[in-house]
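**Student:** Enclosed is the structure file target15.pdb (PDB, C-alpha atoms, pLDDT in the B column).
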```pdb
ATOM      1  CA  LEU A   1     -26.025 -94.013  50.121  1.00 50.00           C
ATOM      2  CA  SER A   2     -22.928 -95.516  51.733  1.00 50.00           C
ATOM      3  CA  GLN A   3     -25.111 -98.289  53.197  1.00 52.00           C
ATOM      4  CA  THR A   4     -26.639 -98.932  49.756  1.00 52.00           C
ATOM      5  CA  LEU A   5     -23.133 -99.210  48.291  1.00 51.00           C
ATOM      6  CA  GLY A   6     -22.075-101.480  51.152  1.00 52.00           C
ATOM      7  CA  ILE A   7     -19.270 -99.186  52.248  1.00 51.00           C
ATOM      8  CA  ASP A   8     -18.009 -99.308  55.811  1.00 53.00           C
ATOM      9  CA  GLY A   9     -17.986 -95.869  57.412  1.00 55.00           C
ATOM     10  CA  ASP A  10     -14.412 -96.220  58.645  1.00 50.00           C
ATOM     11  CA  HIS A  11     -12.530 -98.682  56.448  1.00 45.00           C
ATOM     12  CA  ASN A  12     -11.164 -96.957  53.326  1.00 63.00           C
ATOM     13  CA  ALA A  13     -14.511 -95.221  52.826  1.00 78.00           C
ATOM     14  CA  SER A  14     -13.078 -92.312  50.862  1.00 84.00           C
ATOM     15  CA  GLU A  15     -11.128 -94.549  48.480  1.00 88.00           C
ATOM     16  CA  GLU A  16     -14.139 -96.787  47.925  1.00 89.00           C
ATOM     17  CA  LEU A  17     -16.452 -93.842  47.323  1.00 89.00           C
ATOM     18  CA  LEU A  18     -13.986 -92.294  44.858  1.00 92.00           C
ATOM     19  CA  ALA A  19     -13.736 -95.622  43.014  1.00 93.00           C
ATOM     20  CA  TRP A  20     -17.548 -95.765  42.774  1.00 92.00           C
ATOM     21  CA  MET A  21     -17.588 -92.222  41.403  1.00 94.00           C
ATOM     22  CA  ASP A  22     -14.930 -93.083  38.830  1.00 95.00           C
ATOM     23  CA  ARG A  23     -16.938 -96.088  37.609  1.00 93.00           C
ATOM     24  CA  LYS A  24     -20.064 -93.965  37.340  1.00 92.00           C
ATOM     25  CA  MET A  25     -18.160 -91.307  35.355  1.00 92.00           C
ATOM     26  CA  GLY A  26     -16.756 -93.935  32.988  1.00 91.00           C
ATOM     27  CA  GLY A  27     -19.839 -94.132  30.752  1.00 88.00           C
ATOM     28  CA  LYS A  28     -19.982 -90.381  30.166  1.00 87.00           C
ATOM     29  CA  VAL A  29     -16.246 -90.180  29.527  1.00 92.00           C
ATOM     30  CA  ALA A  30     -16.325 -93.182  27.178  1.00 92.00           C
ATOM     31  CA  GLU A  31     -19.115 -91.591  25.128  1.00 89.00           C
ATOM     32  CA  GLU A  32     -17.145 -88.341  24.933  1.00 91.00           C
ATOM     33  CA  LEU A  33     -13.994 -90.128  23.775  1.00 93.00           C
ATOM     34  CA  VAL A  34     -15.760 -92.269  21.165  1.00 91.00           C
ATOM     35  CA  PHE A  35     -18.383 -89.873  19.815  1.00 89.00           C
ATOM     36  CA  GLY A  36     -17.177 -86.422  20.923  1.00 90.00           C
ATOM     37  CA  ALA A  37     -18.347 -84.294  23.850  1.00 86.00           C
ATOM     38  CA  ASP A  38     -21.043 -82.586  21.776  1.00 86.00           C
ATOM     39  CA  MET A  39     -22.667 -85.955  20.994  1.00 84.00           C
ATOM     40  CA  VAL A  40     -23.197 -87.059  24.617  1.00 80.00           C
ATOM     41  CA  THR A  41     -26.911 -86.656  25.203  1.00 72.00           C
ATOM     42  CA  THR A  42     -27.390 -88.474  28.514  1.00 65.00           C
ATOM     43  CA  TYR A  43     -25.302 -86.168  30.685  1.00 63.00           C
ATOM     44  CA  PRO A  44     -26.229 -84.766  33.194  1.00 62.00           C
ATOM     45  CA  TYR A  45     -29.446 -86.739  33.496  1.00 63.00           C
ATOM     46  CA  SER A  46     -28.196 -90.323  33.542  1.00 80.00           C
ATOM     47  CA  SER A  47     -28.579 -92.385  36.675  1.00 87.00           C
ATOM     48  CA  ASP A  48     -24.794 -92.853  36.757  1.00 88.00           C
ATOM     49  CA  MET A  49     -24.246 -89.102  36.864  1.00 88.00           C
ATOM     50  CA  VAL A  50     -26.891 -88.675  39.563  1.00 90.00           C
ATOM     51  CA  THR A  51     -25.184 -91.414  41.609  1.00 91.00           C
ATOM     52  CA  ALA A  52     -21.767 -89.765  41.158  1.00 92.00           C
ATOM     53  CA  LEU A  53     -23.237 -86.468  42.343  1.00 92.00           C
ATOM     54  CA  ASP A  54     -24.845 -88.209  45.331  1.00 93.00           C
ATOM     55  CA  ILE A  55     -21.514 -89.813  46.244  1.00 92.00           C
ATOM     56  CA  ALA A  56     -19.624 -86.518  45.981  1.00 93.00           C
ATOM     57  CA  THR A  57     -22.284 -84.798  48.077  1.00 90.00           C
ATOM     58  CA  LEU A  58     -22.101 -87.545  50.707  1.00 89.00           C
ATOM     59  CA  MET A  59     -18.317 -87.255  50.879  1.00 88.00           C
ATOM     60  CA  VAL A  60     -18.335 -83.478  51.198  1.00 87.00           C
ATOM     61  CA  LYS A  61     -21.074 -83.475  53.822  1.00 83.00           C
ATOM     62  CA  ARG A  62     -19.294 -86.190  55.774  1.00 81.00           C
ATOM     63  CA  GLN A  63     -16.042 -84.161  55.706  1.00 76.00           C
ATOM     64  CA  HIS A  64     -17.869 -80.929  56.542  1.00 66.00           C
ATOM     65  CA  PHE A  65     -19.518 -82.397  59.611  1.00 64.00           C
ATOM     66  CA  LEU A  66     -16.320 -84.078  60.770  1.00 58.00           C
ATOM     67  CA  HIS A  67     -14.455 -80.762  60.766  1.00 61.00           C
ATOM     68  CA  LYS A  68     -17.249 -78.506  61.999  1.00 59.00           C
ATOM     69  CA  VAL A  69     -18.395 -78.426  65.569  1.00 51.00           C
ATOM     70  CA  TYR A  70     -21.917 -77.114  65.629  1.00 48.00           C
ATOM     71  CA  SER A  71     -25.408 -78.280  66.345  1.00 50.00           C
ATOM     72  CA  PRO A  72     -27.188 -80.177  63.536  1.00 57.00           C
ATOM     73  CA  ARG A  73     -29.991 -77.637  63.967  1.00 56.00           C
ATOM     74  CA  GLU A  74     -27.629 -74.791  63.083  1.00 65.00           C
ATOM     75  CA  VAL A  75     -28.150 -73.517  59.558  1.00 73.00           C
ATOM     76  CA  MET A  76     -25.169 -73.375  57.217  1.00 75.00           C
ATOM     77  CA  SER A  77     -24.137 -69.988  55.961  1.00 80.00           C
ATOM     78  CA  ASP A  78     -24.246 -69.114  52.259  1.00 86.00           C
ATOM     79  CA  THR A  79     -20.440 -69.177  52.273  1.00 87.00           C
ATOM     80  CA  GLU A  80     -20.400 -72.704  53.703  1.00 82.00           C
ATOM     81  CA  LYS A  81     -22.953 -73.840  51.096  1.00 85.00           C
ATOM     82  CA  LYS A  82     -20.884 -72.281  48.313  1.00 90.00           C
ATOM     83  CA  ASP A  83     -17.714 -73.925  49.634  1.00 89.00           C
ATOM     84  CA  MET A  84     -19.481 -77.298  49.744  1.00 88.00           C
ATOM     85  CA  ASP A  85     -20.734 -76.862  46.161  1.00 92.00           C
ATOM     86  CA  MET A  86     -17.217 -75.992  45.006  1.00 93.00           C
ATOM     87  CA  GLU A  87     -15.823 -79.080  46.738  1.00 93.00           C
ATOM     88  CA  ILE A  88     -18.512 -81.310  45.186  1.00 93.00           C
ATOM     89  CA  ASN A  89     -17.662 -79.922  41.737  1.00 94.00           C
ATOM     90  CA  ARG A  90     -13.944 -80.476  42.382  1.00 94.00           C
ATOM     91  CA  LEU A  91     -14.566 -84.123  43.308  1.00 94.00           C
ATOM     92  CA  LEU A  92     -16.691 -84.677  40.175  1.00 95.00           C
ATOM     93  CA  LYS A  93     -14.079 -83.071  37.889  1.00 96.00           C
ATOM     94  CA  GLU A  94     -11.249 -85.091  39.440  1.00 96.00           C
ATOM     95  CA  SER A  95     -13.269 -88.293  39.096  1.00 96.00           C
ATOM     96  CA  CYS A  96     -13.973 -87.484  35.460  1.00 94.00           C
ATOM     97  CA  GLU A  97     -10.236 -86.927  34.859  1.00 97.00           C
ATOM     98  CA  ARG A  98      -9.313 -90.258  36.510  1.00 97.00           C
ATOM     99  CA  ALA A  99     -11.871 -92.090  34.368  1.00 96.00           C
ATOM    100  CA  LYS A 100     -10.620 -90.292  31.249  1.00 96.00           C
ATOM    101  CA  HIS A 101      -6.986 -91.155  32.000  1.00 97.00           C
ATOM    102  CA  LEU A 102      -7.877 -94.833  32.448  1.00 97.00           C
ATOM    103  CA  LEU A 103      -9.993 -95.008  29.290  1.00 96.00           C
ATOM    104  CA  ILE A 104      -7.335 -93.249  27.217  1.00 97.00           C
ATOM    105  CA  SER A 105      -4.770 -95.769  28.472  1.00 97.00           C
ATOM    106  CA  LYS A 106      -7.177 -98.545  27.381  1.00 96.00           C
ATOM    107  CA  ARG A 107      -8.280 -96.828  24.142  1.00 96.00           C
ATOM    108  CA  GLU A 108      -7.984 -99.921  21.925  1.00 96.00           C
ATOM    109  CA  GLU A 109     -10.237-101.937  24.250  1.00 96.00           C
ATOM    110  CA  LEU A 110     -12.653 -99.001  24.493  1.00 95.00           C
ATOM    111  CA  ASN A 111     -12.955 -98.813  20.701  1.00 95.00           C
ATOM    112  CA  LEU A 112     -13.571-102.565  20.435  1.00 96.00           C
ATOM    113  CA  LEU A 113     -16.210-102.385  23.154  1.00 94.00           C
ATOM    114  CA  ALA A 114     -17.916 -99.345  21.618  1.00 93.00           C
ATOM    115  CA  GLU A 115     -18.097-101.061  18.221  1.00 93.00           C
ATOM    116  CA  ALA A 116     -19.535-104.236  19.756  1.00 93.00           C
ATOM    117  CA  LEU A 117     -22.143-102.264  21.702  1.00 90.00           C
ATOM    118  CA  LEU A 118     -23.201-100.496  18.518  1.00 88.00           C
ATOM    119  CA  ASP A 119     -23.506-103.885  16.789  1.00 89.00           C
ATOM    120  CA  TYR A 120     -25.113-105.891  19.615  1.00 88.00           C
ATOM    121  CA  ASP A 121     -26.763-103.251  21.845  1.00 84.00           C
ATOM    122  CA  GLU A 122     -26.124-105.278  25.020  1.00 88.00           C
ATOM    123  CA  LEU A 123     -23.261-107.541  26.112  1.00 92.00           C
ATOM    124  CA  THR A 124     -22.830-110.005  28.944  1.00 93.00           C
ATOM    125  CA  SER A 125     -19.685-109.766  31.078  1.00 94.00           C
ATOM    126  CA  GLY A 126     -18.356-112.841  29.244  1.00 95.00           C
ATOM    127  CA  GLU A 127     -18.965-111.169  25.890  1.00 95.00           C
ATOM    128  CA  VAL A 128     -17.199-108.023  27.084  1.00 95.00           C
ATOM    129  CA  ALA A 129     -14.162-110.141  27.986  1.00 96.00           C
ATOM    130  CA  ILE A 130     -14.183-111.697  24.483  1.00 96.00           C
ATOM    131  CA  VAL A 131     -14.596-108.357  22.715  1.00 96.00           C
ATOM    132  CA  ILE A 132     -11.846-106.463  24.549  1.00 95.00           C
ATOM    133  CA  LYS A 133      -9.413-109.273  23.686  1.00 95.00           C
ATOM    134  CA  GLY A 134     -10.273-108.760  20.011  1.00 94.00           C
ATOM    135  CA  GLY A 135     -12.517-111.812  19.718  1.00 94.00           C
ATOM    136  CA  LYS A 136     -15.701-112.072  17.675  1.00 91.00           C
ATOM    137  CA  LEU A 137     -19.090-112.945  19.094  1.00 92.00           C
ATOM    138  CA  ASP A 138     -20.929-115.963  17.745  1.00 89.00           C
ATOM    139  CA  ARG A 139     -24.440-114.532  17.697  1.00 88.00           C
ATOM    140  CA  PRO A 140     -26.597-112.314  15.512  1.00 85.00           C
ATOM    141  CA  MET A 141     -26.225-108.546  15.725  1.00 84.00           C
ATOM    142  CA  ALA A 142     -29.071-106.497  17.168  1.00 78.00           C
ATOM    143  CA  VAL A 143     -30.535-103.037  16.715  1.00 68.00           C
ATOM    144  CA  ARG A 144     -32.811-101.279  19.180  1.00 70.00           C
ATOM    145  CA  THR A 145     -35.703 -99.260  17.797  1.00 71.00           C
ATOM    146  CA  GLY A 146     -37.523 -97.656  20.690  1.00 73.00           C
ATOM    147  CA  GLU A 147     -38.343-100.462  23.123  1.00 73.00           C
ATOM    148  CA  THR A 148     -37.901-103.226  20.526  1.00 75.00           C
ATOM    149  CA  LEU A 149     -34.654-105.179  20.005  1.00 69.00           C
ATOM    150  CA  ILE A 150     -34.385-106.524  16.441  1.00 75.00           C
ATOM    151  CA  THR A 151     -31.973-109.361  15.581  1.00 75.00           C
ATOM    152  CA  ILE A 152     -30.110-108.936  12.291  1.00 76.00           C
ATOM    153  CA  GLY A 153     -28.817-112.017  10.461  1.00 67.00           C
ATOM    154  CA  GLN A 154     -26.432-114.686  11.626  1.00 54.00           C
ATOM    155  CA  PRO A 155     -22.687-114.400  12.036  1.00 49.00           C
ATOM    156  CA  GLU A 156     -20.762-115.931   9.135  1.00 52.00           C
ATOM    157  CA  GLY A 157     -20.413-119.692   9.266  1.00 51.00           C
ATOM    158  CA  THR A 158     -23.033-120.304  11.955  1.00 47.00           C
ATOM    159  CA  THR A 159     -26.307-122.126  11.970  1.00 45.00           C
ATOM    160  CA  GLY A 160     -28.962-121.923  14.629  1.00 42.00           C
ATOM    161  CA  SER A 161     -29.215-119.185  17.210  1.00 43.00           C
ATOM    162  CA  GLY A 162     -25.505-118.637  17.924  1.00 42.00           C
ATOM    163  CA  GLY A 163     -24.489-117.876  21.502  1.00 43.00           C
ATOM    164  CA  VAL A 164     -21.384-117.670  23.550  1.00 39.00           C
TER     165      VAL A 164
END
```
Would you write the structure of this file as structure tokens?

**Tutor:**
Amino acid sequence: LSQTLGIDGDHNASEELLAWMDRKMGGKVAEELVFGADMVTTYPYSSDMVTALDIATLMVKRQHFLHKVYSPREVMSDTEKKDMDMEINRLLKESCERAKHLLISKREELNLLAEALLDYDELTSGEVAIVIKGGKLDRPMAVRTGETLITIGQPEGTTGSGGV
């Protein structure tokens, strides 16, 4: 996983892995803040959550093997497995709290982004930058029904296909 993420094994690996976890937790936390925790339907099955779990597991295993001196063939005890699970859960909870703190501090931008995503379904990075500054997009809104994306009308005062 660390190779997939392009993270050097020695250089700030823990900080980089924690930052990746925080980004992956951001979607879940944003949905909870905007819609309420009981309305989040993707957790714990989303690919972001699976990646966050994989990162936490990698970090805990890496730490465990750095501090333990035993043969790789040696089987971990139930206590060691339980301790590792507790540490993985601690990392996930802390990551969730960091993401929540950041999103709460940026609540206005989060609300603008959530509204735009509900209206347009998908945004480019340029459109995200426009939206979080309070700007309006110059393109038709869209609604997804199943696998189909349906365009709805034109923005006021535009002709043609719009665009940014």

**Student:** What residues come out when you apply the PyMOL selection byres ((chain A and resi 114) around 12) to this file, written as a ChimeraX atom specification?

**Tutor:** /A:27,30-35,103,107-113,115-123,128,131-132

**Student:** Carefully work through the PyMOL selection byres ((chain A and resi 16-26) around 6) for this structure and note down the residues it includes, as a short mmCIF file (atom, residue, chain, number, x, y, z; two decimals) with C-alpha atoms, in the frame of the given file.

**Tutor:**
```cif
data_model
loop_
_atom_site.label_atom_id
_atom_site.label_comp_id
_atom_site.auth_asym_id
_atom_site.auth_seq_id
_atom_site.Cartn_x
_atom_site.Cartn_y
_atom_site.Cartn_z
CA ALA A 13 -14.51 -95.22 52.83
CA SER A 14 -13.08 -92.31 50.86
CA GLU A 15 -11.13 -94.55 48.48
CA GLY A 27 -19.84 -94.13 30.75
CA LYS A 28 -19.98 -90.38 30.17
CA VAL A 29 -16.25 -90.18 29.53
CA ALA A 30 -16.32 -93.18 27.18
CA ASP A 48 -24.79 -92.85 36.76
CA ALA A 52 -21.77 -89.76 41.16
CA SER A 95 -13.27 -88.29 39.10
CA CYS A 96 -13.97 -87.48 35.46
CA ALA A 99 -11.87 -92.09 34.37
#
```

**Student:** What is the distance between CA of Met49 (chain A) and CA of Met141 (chain A), in Å to one decimal?

**Tutor:**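 Going from CA of Met49 (chain A) over to CA of Met141 (chain A) covers 28.8 Å.
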
**Student:** Between A:Gln63, A:Thr41, A:Ser47, A:Thr145, which has the minimum distance to Ile88 (chain A) (counting all atoms listed in the file)?

**Tutor:** A:Gln63

**Student:** What is the distance, in Å and to one decimal place, between CA of Val60 (chain A) and CA of Arg90 (chain A)?

**Tutor:**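 These two atoms are separated by 10.3 Å.
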
**Student:** What is the distance between CA of Asp54 (chain A) and CA of Glu97 (chain A), in Å to one decimal?

**Tutor:** 18.0 Å

**Student:** Build an axis-aligned box that encloses every atom of region 15-34 of chain A listed in the file, pad it by 8 Å on each side, and report its centre and edge lengths in Å to one decimal, as lines of an AutoDock Vina configuration file.

**Tutor:**
```
center_x = -15.6
center_y = -92.6
center_z = 34.8
size_x = 24.9
size_y = 24.4
size_z = 43.3
```

**Student:** Tell me which protein, DNA and RNA residues are within 10 Å of Glu87 (chain A), counting only C-alpha atoms, leaving out same-chain ones fewer than 2 positions away, and put them as a list in words.

**Tutor:**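 Within the cut-off, the hits are Ala56, Thr57, Met59, Val60, Lys61, Lys81, Lys82, Asp83, Met84, Asp85, Asn89, Arg90, Leu91, Leu92 and Lys93 of chain A.
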